[in-house]
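Structure record follows, encoded as structure tokens.
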Amino acid sequence: PAGGSHTLRWAVYPVASTDYYDFINLVRSDWGANYTVDGAWTFFSPDSILKMPVEEIRRQFQRLGIRYACSGGGWVDPLHDRKKIGFGTGLMEPYWTDYRRRLREAAARIREAAPGCRVLVYYDSQRDTSDDGHERFRDSWLASTNGDQLSTDWSGVFSQTWSVVATLTNSYGRAMLNVADRYLDEINVDGLYWDEMEATGYGVPLITNNIPDGHSCLIDRKTYTIEREIGITTLLGEAHRLAVIDHVLAKGGAVMGNGPTTTRALLAKKPQRMVEIQHNETWSYEGNL
């Protein structure tokens, strides 16, 4: 704001070595990023688990030392409609009742086969497919420069999915806190596998043009004046992500996030992480940090 101030912290790491990983290890030590990933992990589909004898699940999980099992997503129910995909608050709608039942039964079956294994269900606060979400979450749109809500159908492969921004104070962020509760209470799972946790695109920040984050803007390249204030979703959603993590942990649950941690406050929570480094060079090196 006018008359206000904001501090940017820069750090320099002199390295008396030609080894890139000497630099990486210095940064990781300084940031407190060296903590254990409590694996091993696996992914599962509920229908595959329900078809498998308990003894076979036990054999496979014991052979690999599986301690956490995560359901994949976005949600697609192959027994009903392979094109309809589900995200966000849409997963609590009646269409997904049978799929939620199968997830609950698969979770119980995994725990029967491998006592001590924790089952996490796919959660994503960057997208929404609820029937009325386009209007109900108007304050939470990921908006283009002309103010329209962005969406995707993955080039026609799946049904339309709206892009949203979850903050601690907007309508979608509050609704997604409730979804986290319902996962643990109604589906009876042990936590969240949080896809796209840091609210980024494939190696680039996501920007919304209708919710300023208070720090970011686009600059006119000729006049070097502020063209417009914008919101970088990673910054906008930090308080929401912290709140969901605290909320789930307080209920005895676990969280595993997809994507490299992007703020120091989140890193301090030491969340379990995976990074899909196969997608781009950016995540390959960010994953090291």
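FYI, nothing fancy with the structure tokens labels: chains A, B, ... in order, residues from 1 per chain, ligands from 1 as they appear.
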Considering only C-alpha atoms, return as a PyMOL selection string whatever protein or nucleic-acid residues lie within 12 Å of range 278-280 of chain A, sequence-local ones (same chain, fewer than 4 positions apart) excluded. chain A and resi 201-204+259+274+284-287
Generate the output file for the selected residues, N, CA and C atoms, as a CSV table (one decimal), in the first residue's frame.
chain,number,residue,atom,x,y,z
A,201,GLY,N,1.3,-24.1,-12.7
A,201,GLY,CA,1.2,-24.8,-14.0
A,201,GLY,C,2.4,-25.7,-14.2
A,202,TYR,N,2.6,-26.2,-15.4
A,202,TYR,CA,3.7,-27.1,-15.7
A,202,TYR,C,5.0,-26.3,-15.7
A,203,GLY,N,5.6,-26.0,-14.6
A,203,GLY,CA,6.8,-25.3,-14.5
A,203,GLY,C,6.8,-23.8,-14.5
A,204,VAL,N,5.6,-23.3,-14.5
A,204,VAL,CA,5.4,-21.8,-14.5
A,204,VAL,C,4.3,-21.4,-13.4
A,259,GLY,N,4.3,-31.9,-6.0
A,259,GLY,CA,5.0,-30.7,-6.5
A,259,GLY,C,6.0,-30.2,-5.4
A,274,MET,N,6.0,-35.6,-3.3
A,274,MET,CA,6.6,-36.2,-4.5
A,274,MET,C,6.7,-35.1,-5.5
A,284,SER,N,12.7,-30.5,-12.3
A,284,SER,CA,13.9,-31.4,-12.1
A,284,SER,C,14.8,-30.8,-11.1
A,285,TYR,N,15.1,-29.5,-11.2
A,285,TYR,CA,16.1,-28.9,-10.3
A,285,TYR,C,15.3,-28.4,-9.0
A,286,GLU,N,14.1,-27.9,-9.2
A,286,GLU,CA,13.4,-27.5,-8.0
A,286,GLU,C,13.1,-28.7,-7.0
A,287,GLY,N,13.0,-29.8,-7.6
A,287,GLY,CA,12.8,-31.0,-6.8
A,287,GLY,C,14.0,-31.3,-5.9
I need the strand (DSSP E or B) residues of range 62-213 of chain A per DSSP on the backbone, written as a ChimeraX atom specification. /A:68-71,75-77,81-86,118-123,127-128,141,143,149,151-152,161-164,191-194,200,205,207-208
Please dump the current selection as a PDB file, in the first residue's frame; keep C-alpha atoms.
ATOM      1  CA  TYR A  68       1.086 -45.307   2.315  1.00  0.00           C
ATOM      2  CA  ALA A  69      -1.387 -45.986  -0.508  1.00  0.00           C
ATOM      3  CA  CYS A  70      -2.822 -43.094  -2.535  1.00  0.00           C
ATOM      4  CA  SER A  71      -5.818 -43.133  -4.847  1.00  0.00           C
ATOM      5  CA  TRP A  75     -11.655 -38.875 -10.121  1.00  0.00           C
ATOM      6  CA  VAL A  76     -12.967 -40.901 -13.059  1.00  0.00           C
ATOM      7  CA  ASP A  77     -15.478 -43.706 -12.455  1.00  0.00           C
ATOM      8  CA  ASP A  81     -18.654 -42.574 -17.490  1.00  0.00           C
ATOM      9  CA  ARG A  82     -14.993 -42.591 -18.531  1.00  0.00           C
ATOM     10  CA  LYS A  83     -15.192 -39.011 -19.813  1.00  0.00           C
ATOM     11  CA  LYS A  84     -16.686 -37.394 -16.704  1.00  0.00           C
ATOM     12  CA  ILE A  85     -13.915 -36.201 -14.405  1.00  0.00           C
ATOM     13  CA  GLY A  86     -14.273 -34.904 -10.864  1.00  0.00           C
ATOM     14  CA  ARG A 118      -2.282 -45.432   5.717  1.00  0.00           C
ATOM     15  CA  VAL A 119      -4.694 -44.780   2.849  1.00  0.00           C
ATOM     16  CA  LEU A 120      -4.856 -41.309   1.284  1.00  0.00           C
ATOM     17  CA  VAL A 121      -7.476 -40.117  -1.218  1.00  0.00           C
ATOM     18  CA  TYR A 122      -6.909 -37.756  -4.141  1.00  0.00           C
ATOM     19  CA  TYR A 123      -7.615 -34.092  -3.285  1.00  0.00           C
ATOM     20  CA  ARG A 127      -9.963 -27.279  -9.996  1.00  0.00           C
ATOM     21  CA  ASP A 128     -13.688 -27.772  -9.431  1.00  0.00           C
ATOM     22  CA  TRP A 141     -12.170 -17.751 -10.181  1.00  0.00           C
ATOM     23  CA  ALA A 143      -9.500 -15.416 -14.269  1.00  0.00           C
ATOM     24  CA  GLN A 149     -12.963 -17.974 -15.575  1.00  0.00           C
ATOM     25  CA  SER A 151     -11.276 -23.963 -17.638  1.00  0.00           C
ATOM     26  CA  THR A 152     -10.068 -27.061 -19.445  1.00  0.00           C
ATOM     27  CA  THR A 161     -13.302 -28.498 -15.339  1.00  0.00           C
ATOM     28  CA  TRP A 162     -13.238 -24.954 -13.907  1.00  0.00           C
ATOM     29  CA  SER A 163     -10.000 -23.421 -12.631  1.00  0.00           C
ATOM     30  CA  VAL A 164     -10.213 -21.860  -9.181  1.00  0.00           C
ATOM     31  CA  GLY A 191      -5.514 -38.315   4.864  1.00  0.00           C
ATOM     32  CA  LEU A 192      -5.037 -36.473   1.578  1.00  0.00           C
ATOM     33  CA  TYR A 193      -2.953 -37.102  -1.501  1.00  0.00           C
ATOM     34  CA  TRP A 194      -2.930 -33.442  -2.579  1.00  0.00           C
ATOM     35  CA  THR A 200       1.292 -23.965 -10.264  1.00  0.00           C
ATOM     36  CA  PRO A 205       3.394 -19.773 -11.922  1.00  0.00           C
ATOM     37  CA  ILE A 207      -1.682 -15.989 -12.431  1.00  0.00           C
ATOM     38  CA  THR A 208      -5.207 -14.772 -11.779  1.00  0.00           C
TER      39      THR A 208
END
Which residue is closest to Ala166 in chain A? Choose from A:Lys222, A:Asp148, A:Glu105, A:Ala239 and count only C-alpha atoms.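 When distances to Ala166 in chain A are compared using only C-alpha atoms, the smallest one comes from A:Ala239.
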Considering only C-alpha atoms, return as a PyMOL selection string whatever protein or nucleic-acid residues lie within 9 Å of range 6-22 of chain A, sequence-local ones (same chain, fewer than 4 positions apart) excluded. chain A and resi 26-27+215+288
For Ile219 in chain A, find every residue with an atom within 12 Å (counting only C-alpha atoms), except residues of its own chain fewer than 4 positions away, and show them as a list of chain:residue names.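 Residues meeting the cut-off are A:Thr223, A:Tyr224, A:Thr225, A:Ile226, A:Glu227, A:Arg228, A:Glu229, A:Ile230.
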Write out as a ChimeraX atom specification the set of residues from range 115-273 of chain A that DSSP, computed on the backbone, places in alpha helix (DSSP H). /A:133-136,171-186,233-236,238-250,264-267
Distance query Ile66 in chain A at most 7 Å, only C-alpha atoms, self and fewer than 5 positions along chain excluded, as a ChimeraX atom specification: /A:39-42,61,117
Residue contacts of Ala106 in chain A (6 Å, only C-alpha atoms) excluding same-chain residues fewer than 6 positions away, as a PyMOL selection string: chain A and resi 46+49-50
Store the residues picked out above in a file with C-alpha atoms, as a PDB file, in the first residue's frame.
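The resulting file, result-v8.pdb, is shown below:
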ATOM      1  CA  PRO A  46     -10.373 -48.815  -5.735  1.00  0.00           C
ATOM      2  CA  ILE A  49      -8.068 -53.406  -4.872  1.00  0.00           C
ATOM      3  CA  LEU A  50     -11.620 -54.727  -4.472  1.00  0.00           C
TER       4      LEU A  50
END
With distances taken over only C-alpha atoms, which residue among A:Leu103, A:Trp154, A:Arg136, A:Ser125 lies nearest Glu186 in chain A?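 Residue with the minimum atom-to-atom distance to Glu186 in chain A: A:Leu103.
In terms of minimum interatomic distance to Arg100 in chain A, A:Asp185 ranks closest within A:Asp38, A:Asp124, A:Asp132, A:Asp185, counting only C-alpha atoms.
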